[in-house]
Amino acid sequence: MEEIPNHHLIVITKETVKKVREQSGISDVQRIRQSVDIVEEWLKKQDHLAEATNYLNRNLIERVYLIAQGSIEATKRRMERLLTSRGMMPELVLNRSVEEFETLWEVVNYVPLPQLHPTDMSRVMVTQFLTGKLEPFSILSYFRYCFLIGEYRISFDYTPSERYVIDLTNIHLGLLSKLNPIVVKKAEVLCTEGIGTKIKGIHILNAPPFVDKLVFLLKQALREKVANRVHVHSTYEDLHKHIPKEMLPKDYGGDEPSIAKLSEQWKEHLKTDEAKRLIQGTEKLVSDESKRQSSKFNEEYMGMPGSFRKLTVD
């Protein structure tokens, strides 16, 4: 990354870039630039990936390179897997528009917090349910919005990992019927096996009395390593042991603006022409399976959307 991306809702500094690179074991800027060049040229020479490279942001390649801890070959595999898996799960990431989420916004807020976690450099994503009227809520629509935010953010963010805070205020037993384990599983796989994002923690706040049932269903849909990182916090002070209050919104005893304010800022920005252009570009980030050797596809990806047996978590 030649320049630090600038975005008014995502704080990235020279110091955070340095820390992220150090955590990945890479600090040589020239090495990073040359490695990204190599991966970019390789992608252009793959018949089934060449068209997608016209819409790739180099920051995406660099982020995957960091996740792969400086391995060029691992970066190639991850990039190929990302473009393939997106095409295999179009219901999660394709044919989207910002306008389709107007109904979802009435039920839930989903926002990235501005500051990176000072210890592990993860981006903290907050889900906040706004009402007990869950009829308009769709788990598929929710994940489509999550991936839209995440893919848009790639152009500006600089982190290999994420944490998720889920505020269950206003939630009742009816939420359980909304949780489709297959959709949850696909979302996790696309997150961890597509781009390769490392999930550092899932933190549940303001849990209802039936939280054990909810956590059980959630863990059934997640792989063991991720499931073991699910935490239920009885107080905000307990949350502060994992996420410093300085980076949390004031809703949770922190110092940052409220989730409502951050959410409105994101909604307004996503409706701008610039944001819509970037979002539209992500629609092209898929492999062209008509140009791939079928034998290789069968070996690597058969069963991916269903059983996920061949996939692993970092």
# chains A, B, ... in the order shown; residues from 1 in each chain; ligands from 1

call {"tool": "closest_atom_pairs", "arguments": {"of": "range 102-147 of chain A", "to": "range 242-247 of chain A", "cutoff": "8 Å", "atoms": "only C-alpha atoms", "output": "Markdown table"}}
result
| residue | atom | partner | partner_atom | distance |
| --- | --- | --- | --- | --- |
| A:Leu113 | CA | A:Met247 | CA | 7.3 |
| A:Pro114 | CA | A:Met247 | CA | 7.6 |
| A:Gln115 | CA | A:Met247 | CA | 5.9 |
| A:Leu116 | CA | A:Met247 | CA | 7.8 |
| A:His117 | CA | A:Ile243 | CA | 7.0 |

call {"tool": "write_last_selection", "arguments": {"atoms": "N, CA, C and O atoms", "output": "CSV table (one decimal), in the first residue's frame"}}
result
chain,number,residue,atom,x,y,z
A,113,LEU,N,-16.6,0.1,14.2
A,113,LEU,CA,-16.2,1.2,15.1
A,113,LEU,C,-15.0,1.9,14.5
A,113,LEU,O,-14.2,1.2,13.8
A,114,PRO,N,-14.8,3.2,14.7
A,114,PRO,CA,-13.7,3.9,14.0
A,114,PRO,C,-12.3,3.5,14.3
A,114,PRO,O,-11.5,3.4,13.3
A,115,GLN,N,-12.0,3.1,15.5
A,115,GLN,CA,-10.6,2.8,15.9
A,115,GLN,C,-10.4,1.3,15.8
A,115,GLN,O,-11.2,0.5,16.2
A,116,LEU,N,-9.1,0.9,15.5
A,116,LEU,CA,-8.7,-0.5,15.5
A,116,LEU,C,-8.4,-0.9,17.0
A,116,LEU,O,-8.0,0.0,17.8
A,117,HIS,N,-8.6,-2.1,17.3
A,117,HIS,CA,-8.3,-2.6,18.7
A,117,HIS,C,-6.8,-2.5,18.9
A,117,HIS,O,-6.0,-2.9,18.1

call {"tool": "residues_around", "arguments": {"residues": "range 200-205 of chain A", "least_positions_apart": "5", "cutoff": "7 Å", "atoms": "only C-alpha atoms", "output": "VMD selection string"}}
result
chain A and resid 161 to 168 229 to 234

call {"tool": "select_by_dssp", "arguments": {"residues": "range 115-257 of chain A", "states": "alpha helix (DSSP H)", "output": "number ranges by chain"}}
result
A: 139-153, 181-189, 211-221, 224-227, 236-240

call {"tool": "residues_around", "arguments": {"residues": "Asn54 in chain A", "least_positions_apart": "2", "cutoff": "12 Å", "atoms": "only C-alpha atoms", "output": "list of chain:residue names"}}
result
A:Glu40, A:Glu41, A:Leu43, A:Lys44, A:Leu49, A:Ala50, A:Glu51, A:Ala52, A:Leu56, A:Asn57, A:Arg58, A:Gly281, A:Thr282, A:Glu283, A:Lys284, A:Leu285, A:Val286, A:Ser287

call {"tool": "atom_distance", "arguments": {"atom1": "CA of Arg277 in chain A", "atom2": "CA of Pro160 in chain A"}}
result
24.2 Å

call {"tool": "closest_residue", "arguments": {"among": "A:Met121, A:Leu217, A:Leu175, A:Leu248", "to": "Glu15 in chain A", "atoms": "only C-alpha atoms"}}
result
A:Met121

call {"tool": "select_by_dssp", "arguments": {"residues": "range 21-260 of chain A", "states": "strand (DSSP E or B)", "output": "VMD selection string"}}
result
chain A and resid 108 to 112 123 to 129 161 to 167 198 to 205 230 to 232 249 256

call {"tool": "atom_distance", "arguments": {"atom1": "CA of Thr192 in chain A", "atom2": "CA of Lys261 in chain A"}}
result
29.1 Å

call {"tool": "residues_around", "arguments": {"residues": "Lys19 in chain A", "least_positions_apart": "2", "cutoff": "12 Å", "atoms": "only C-alpha atoms", "output": "count of residues only"}}
result
24

call {"tool": "closest_residue", "arguments": {"among": "A:Ala187, A:Ile259, A:Ile195, A:Ile149", "to": "Ile279 in chain A", "atoms": "only C-alpha atoms"}}
result
A:Ile149

call {"tool": "residues_around", "arguments": {"residues": "Cys191 in chain A", "least_positions_apart": "6", "cutoff": "12 Å", "atoms": "only C-alpha atoms", "output": "list in words"}}
result
Arg78, Arg81, Leu82, Ser85, Arg86, Met89, Leu92, Val93, Phe143, Arg144, Cys146, Phe147, Leu148, Gly150, Glu151, Pro160, Ser161, Glu162, Val184, Lys185, Thr197, Lys198, Ile199, Leu222, Val226, Leu311, Thr312, Val313 and Asp314 of chain A

call {"tool": "closest_atom_pairs", "arguments": {"of": "range 1-117 of chain A", "to": "range 134-142 of chain A", "cutoff": "8 Å", "atoms": "only C-alpha atoms", "output": "tab-separated table"}}
result
residue	atom	partner	partner_atom	distance
A:Glu91	CA	A:Leu140	CA	7.9
A:Leu92	CA	A:Leu140	CA	7.0
A:Phe101	CA	A:Ser141	CA	7.3
A:Thr103	CA	A:Pro136	CA	6.6
A:Leu104	CA	A:Phe137	CA	6.1
A:Val107	CA	A:Phe137	CA	6.5

call {"tool": "write_last_selection", "arguments": {"atoms": "C-alpha atoms", "output": "PDB file, in the first residue's frame"}}
result
ATOM      1  CA  GLU A  91     -27.199 -14.983  -2.369  1.00  0.00           C
ATOM      2  CA  LEU A  92     -24.799 -13.432   0.155  1.00  0.00           C
ATOM      3  CA  PHE A 101     -31.577  -2.526   3.145  1.00  0.00           C
ATOM      4  CA  THR A 103     -36.309  -2.308   5.818  1.00  0.00           C
ATOM      5  CA  LEU A 104     -33.385  -3.950   7.621  1.00  0.00           C
ATOM      6  CA  VAL A 107     -34.711  -3.291  12.865  1.00  0.00           C
TER       7      VAL A 107
END

call {"tool": "closest_residue", "arguments": {"among": "A:His48, A:His269, A:Arg77, A:His8", "to": "Arg292 in chain A", "atoms": "only C-alpha atoms"}}
result
A:His48
